[in-house]
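Undergrad: Got a structure for you, written out below as structure tokens; questions coming shortly.
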Amino acid sequence: MSLRALELVCPAGTPASLRAAVDAGADAIYLGFRDETNARNFPGLNFSRDELAEGIAYAGSRGAKVLVAINTYPRAGNPGPWTKAVDDAAALGAWAVILADIGLLDYARQHHPDLRRHLSVQASAANAQAIRFYCDEFGVKRVVLPRVLTVDEIARINDAVEVETEVFAFGGMCVMAEGRCLLSSYATGESPNMNGVCSPAEHVHYEERNGQLVSRLGGFTINKFRDGEPAGYPTLCKGRFRACKRDSYLFEEPVSLDVSNILPSLMDAGVTALKIEGRQRGKAYVAQVVSAFRRAVDAAARGERPDTADLSSITEGGRQSTGAYEKAWR
Amino acid sequence: MSQSGRTAPALSPVLLLGFALRPAPKPALQAAASLAMAALLRSHRGVFERLEGLANLDFLIDPVDLPFRFHLSAALPSPRLHVLGEDQKPEPPVAAMIRGPLPALIDLLEGRIDGDALFFSRALAVEGDMAAVVALRNAVDGADISLAEDLLQPLGPIGAPARALLRAGGALYRRAERDLETLRAALIAPVQRRCDAQEAQLHDLDETVASMPARRRERRP
Amino acid sequence: MSNTPKLTLGPLLFNWPVEQVTEFYGRIAKLAPVDTVCLGEVVCPKREPLLGGTLAEAAGTLADAGKEIVWSSYGLIADEKELAATRDLIESFDGLVEANDITALPLLQGRPHAIGPLVNVYNEGTLQWLVRRGAMRICLAPELPREAISRLAESAGGAELEVQVFGRMPLALSARCYHARAHGLHKDGCQYVCDKDPDGMPVDTLDGEHFLAVNGIQTLSHSIVDLSAEIDELLEMGITRFRLSPHKVDMVAIAHVWRDLLDGKRDLPRARRIIEAVAAFAPPSNGYFHGRPGAAVV
């Protein structure tokens, strides 16, 4: 039995990662410009206009598409960088733009009606009604679903709305409704929605204290590690906090999302594409994850059970979770 | 502000090599370092362009298993790599310091350690401005840097044995990434043997490096 | 539209016993100089059955006292049940409904409505799009700095802009219930443990520093936003509505302080003294307005 394979949408923070992802079998690459117009505005990362043009050529010559994420919220008083990003993505021949802001969606629909519009997860459209709204109003062709939905809920959305859906498959996991989380800006003043950075590196400090490694973000202690315990990046919602007189990973353990063992159910649920998180990760990581998922997705399309043992070694601390896709997570 | 405590160097071939290198004349190492930087600038200018916009582009790179450290000044138009003695202070002050065993540092250079993994593992100690460190990591990862091609190639004839060794040992090396003894020996032995010859080359090269950025700049958008 | 600045009492975000809810709104109706009261369960649909009748009664009491009633929708609408409840609310209520999730927007098509602080309105493009579609009142998200607020106020057209000036700030929503999780329970069998914390469950750092507050699926700031010192600037920008977010403190006193401030009785040191004394459970903050971390005090 041969089913339609899930489309593999892969991250690229640099041209080298783009080539690595394409070579490893990505169907599509998503990336951002080197500024605050995208939600991975990290130092030293992302693409210039020339690099995007080269990337589109490289991907195109190997049958892969390029999507440009312009998924932060344009700043009041200065929407220029965002509208310019949409204009340039269109001019350079990107296959689609990934947008979150209503005003920017409206701009793209009016000025570039033929440019394919995807709804970013940052818009956190979590139900059929909200998704239909974005399709009706802005001609959105694909929706990246928030990581807060169960597989059953995804299936019901696909039954209800004529739109392609893309779900997160692997990598870091937001536990909060995306695009609606101010935790990082509360601690650091830099907002994921406005500045494109969550828990930014310039606000990260590590210090040794009584034999423990203490990680701090914007002056708040986010975690403490014993000697030898692997230390994670201090993303706020993956920190350890004290509540009810107990120290714990209150919001989420530092686990990686991995849906490779539920690929068949995602296909049954009518999902079009899988998204791999990690534009900030290295090209070696990208190559490894993409090739593993290429094999898994192809196996699932042949009706076989995907073998995904090789993915476990590259997850954060070796621990994986199917996250909200299973209701027990809640 | 350190990401991990002072990493005690493991007893490794690198460490032994470090002792052997102790008496090596610094000018020779500096020669190799400058050659490497010139090559990097020539073939991977994008690395430095990615770093533009950061206030301080000076880094201290400290291989714990070698008796010297590197001061990287990554600012265009003339990025430089200075070899420092163990007690020598970098001037001007650096934005950040990365300390770890040479194999881990080479993994970082060649893109086998990514930005997140840098923090998961405690093999590397990072101090100072985390944004600068992340930027350097991202910039280096954005280029396909290969020790063999980019840094040994420009050593010319003296790099040949190292390249040959690397080619021969490539498959083995990939299987045992952590065991970099072959690579390290290949990398450093010829440098040590032929240091005098390099010193002469270096002088010419420094001049080339100094004149290069001005010409290349025009190509930037 | 009158030029007198208005006071809005935001929706009660916490799970209080129904008799306390009744008492609270009874007191507001009788004593609090607020113009508008937002009612409705915004955080957790599971609380609704316990609360529904109580809020409907409160609406009557408040309306009798001359307060405008706005009904606030859920902040995170995920399943059909929640969607159906939102539809019922919108169909059964003739007054102004405040959308706190984009999902409510299509249901409000063709009728005047309000936009709550949990909907992302960051720029003129989005603001004007919403206004064209019938939004007549928009309460801005707490993280917007003064430059953005000012730009938005300039381009609001006929719509009223509202800013939260008192109370813990809503920072995040999740599919997961952190109140249940902290008590070792699952969301489906939560035993309504969120009723233990009338102002949110304290979340401290491992150093014991106060940081956040959890309210079911919602995460709030530990600090209480206090923009009393920024009142002149806000008025000058053209902000016409000021939101007080309810807490288990003397909200009548807080409302009086703000009414005085808006009426031009600007004894700021006194106002701040009262606010800090009444809401003594957490410190004030105003960092967001000044482009700093939300927790900061400028």
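Starting from 1 in every chain, residues are counted up; chains themselves are A, B, ... following the order of the structure tokens, and ligands are numbered from 1 as listed.
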Identify, on the basis of only C-alpha atoms, every residue whose closest approach to A:Leu250 does not exceed 10 Å; exclude the query and any residue fewer than 6 positions from it along the same chain; express the result as a list in words.

TA: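 Returned residues: Cys237, Lys238, Gly239, Arg240, Phe241, Arg242 and Ala243 of chain A; Tyr178, His179, Arg181, Ala182, Val203 and Val214 of chain C.
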
Undergrad: I want to know what sits within 6 Å of stretch 103-112 of chain B, based on only C-alpha atoms, with residues of the same chain fewer than 5 positions away left out; could you give that as a PyMOL selection string?

TA: (chain A and resi 284) or (chain B and resi 141+145-146)

Undergrad: Let me make sure I understand: among B:Ala55, B:Val140, B:Ala131, B:Met97, which one has the smallest atom-to-atom distance to chain A if we use only C-alpha atoms?

TA: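 Result for the nearest residue to chain A: B:Ala131.
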
Undergrad: Would you kindly return, as a PyMOL selection string, each protein, DNA or RNA residue with an atom no farther than 7 Å from any atom of stretch 15-27 of chain A, considering only C-alpha atoms and excluding same-chain residues fewer than 2 positions away?

TA: (chain A and resi 7-10+12-13+29+51+55+59+64-65+282-283+286-287+290-291+294) or (chain B and resi 142-144)

Undergrad: Have a look at atom CA of A:Leu45 and atom CA of B:Leu51 and let me know their distance in Å, one decimal.

TA: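 About the pair atom CA of A:Leu45 and atom CA of B:Leu51: they are 9.1 Å apart.
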
Undergrad: Can you measure atom CA of A:Ser256 to atom CA of A:Gly172 for me? One decimal in Å is fine.

TA: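 Pair atom CA of A:Ser256 / atom CA of A:Gly172 returns 5.2 Å.
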
Undergrad: Write down, as a ChimeraX atom specification, each residue of chain A that has any atom within 7 Å of an atom of chain B, counting only C-alpha atoms.

TA: /A:14-17,43-45,201-202,204-208,213,230-233,280-284

Undergrad: Quick one: which residues from chain A are at most 7 Å off chain C, using only C-alpha atoms, as JSON, numbers by chain?

TA: {"A": [73, 74, 75, 76, 77, 102, 103, 126, 127, 129, 130, 133, 148, 175, 176, 177, 180, 181, 182, 183, 185, 186, 187, 188, 189, 220, 221, 222, 241, 242, 243, 244, 247, 250, 251, 330]}

Undergrad: Determine which residues of stretch 122-222 of chain A receive a DSSP assignment of helix (DSSP H, G or I), computed from the backbone, and state them as a VMD selection string.

TA: chain A and resid 122 to 123 128 to 138 151 to 160 183 to 188 192 to 195 201 to 203

Undergrad: Counting only C-alpha atoms, what is within 9 Å of C:Arg272, bar same-chain residues fewer than 4 positions away, as a VMD selection string?

TA: chain C and resid 226 228 to 229 257 267 to 268 276 to 277

Undergrad: Based on the selection just made, write N, CA and C atoms of those residues as a compact mmCIF listing (two decimals), in the first residue's frame.

TA:
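Printed below is again-v9.txt as written:
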```
# COMPACT_ATOMS: atom_id res chain seq x y z
N ASP C 226 1.48 48.76 37.79
CA ASP C 226 0.94 50.00 38.35
C ASP C 226 1.41 51.15 37.46
N SER C 228 0.19 54.21 37.56
CA SER C 228 -0.34 55.49 38.06
C SER C 228 0.61 56.64 37.74
N ALA C 229 1.89 56.38 37.77
CA ALA C 229 2.85 57.46 37.49
C ALA C 229 2.86 57.84 36.02
N VAL C 257 -9.02 55.30 44.00
CA VAL C 257 -7.72 55.92 43.73
C VAL C 257 -7.63 56.32 42.26
N ASP C 267 -2.80 63.40 43.42
CA ASP C 267 -1.84 63.25 44.52
C ASP C 267 -1.17 61.89 44.35
N LEU C 268 -0.16 61.89 43.50
CA LEU C 268 0.45 60.63 43.10
C LEU C 268 1.07 59.85 44.27
N GLU C 276 -0.15 50.37 47.01
CA GLU C 276 0.80 49.41 47.58
C GLU C 276 0.31 48.84 48.90
N ALA C 277 -0.43 49.64 49.66
CA ALA C 277 -0.95 49.14 50.93
C ALA C 277 -2.11 48.16 50.71
```

Undergrad: For atom CA of A:Ile56 and atom CA of A:Asn38, determine how far apart the two atoms are, in Å to one decimal place.

TA: 17.9 Å

Undergrad: Would you kindly return, as a list in words, each protein, DNA or RNA residue with an atom no farther than 7 Å from any atom of stretch 26-43 of chain C, considering only C-alpha atoms and excluding same-chain residues fewer than 6 positions away?

TA: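 These residues fall inside the cut-off: Lys6, Leu7, Thr8, Leu9, Gly10, Pro11, Leu13, Leu55, Ala58, Thr61, Leu62, Ala65, Lys67, Glu68, Ile69, Val70, Trp71, Ser72, Ser73, Tyr74, Gly75, Ile217, Gln218, Val252, Ala255, His256 and Arg259 of chain C.
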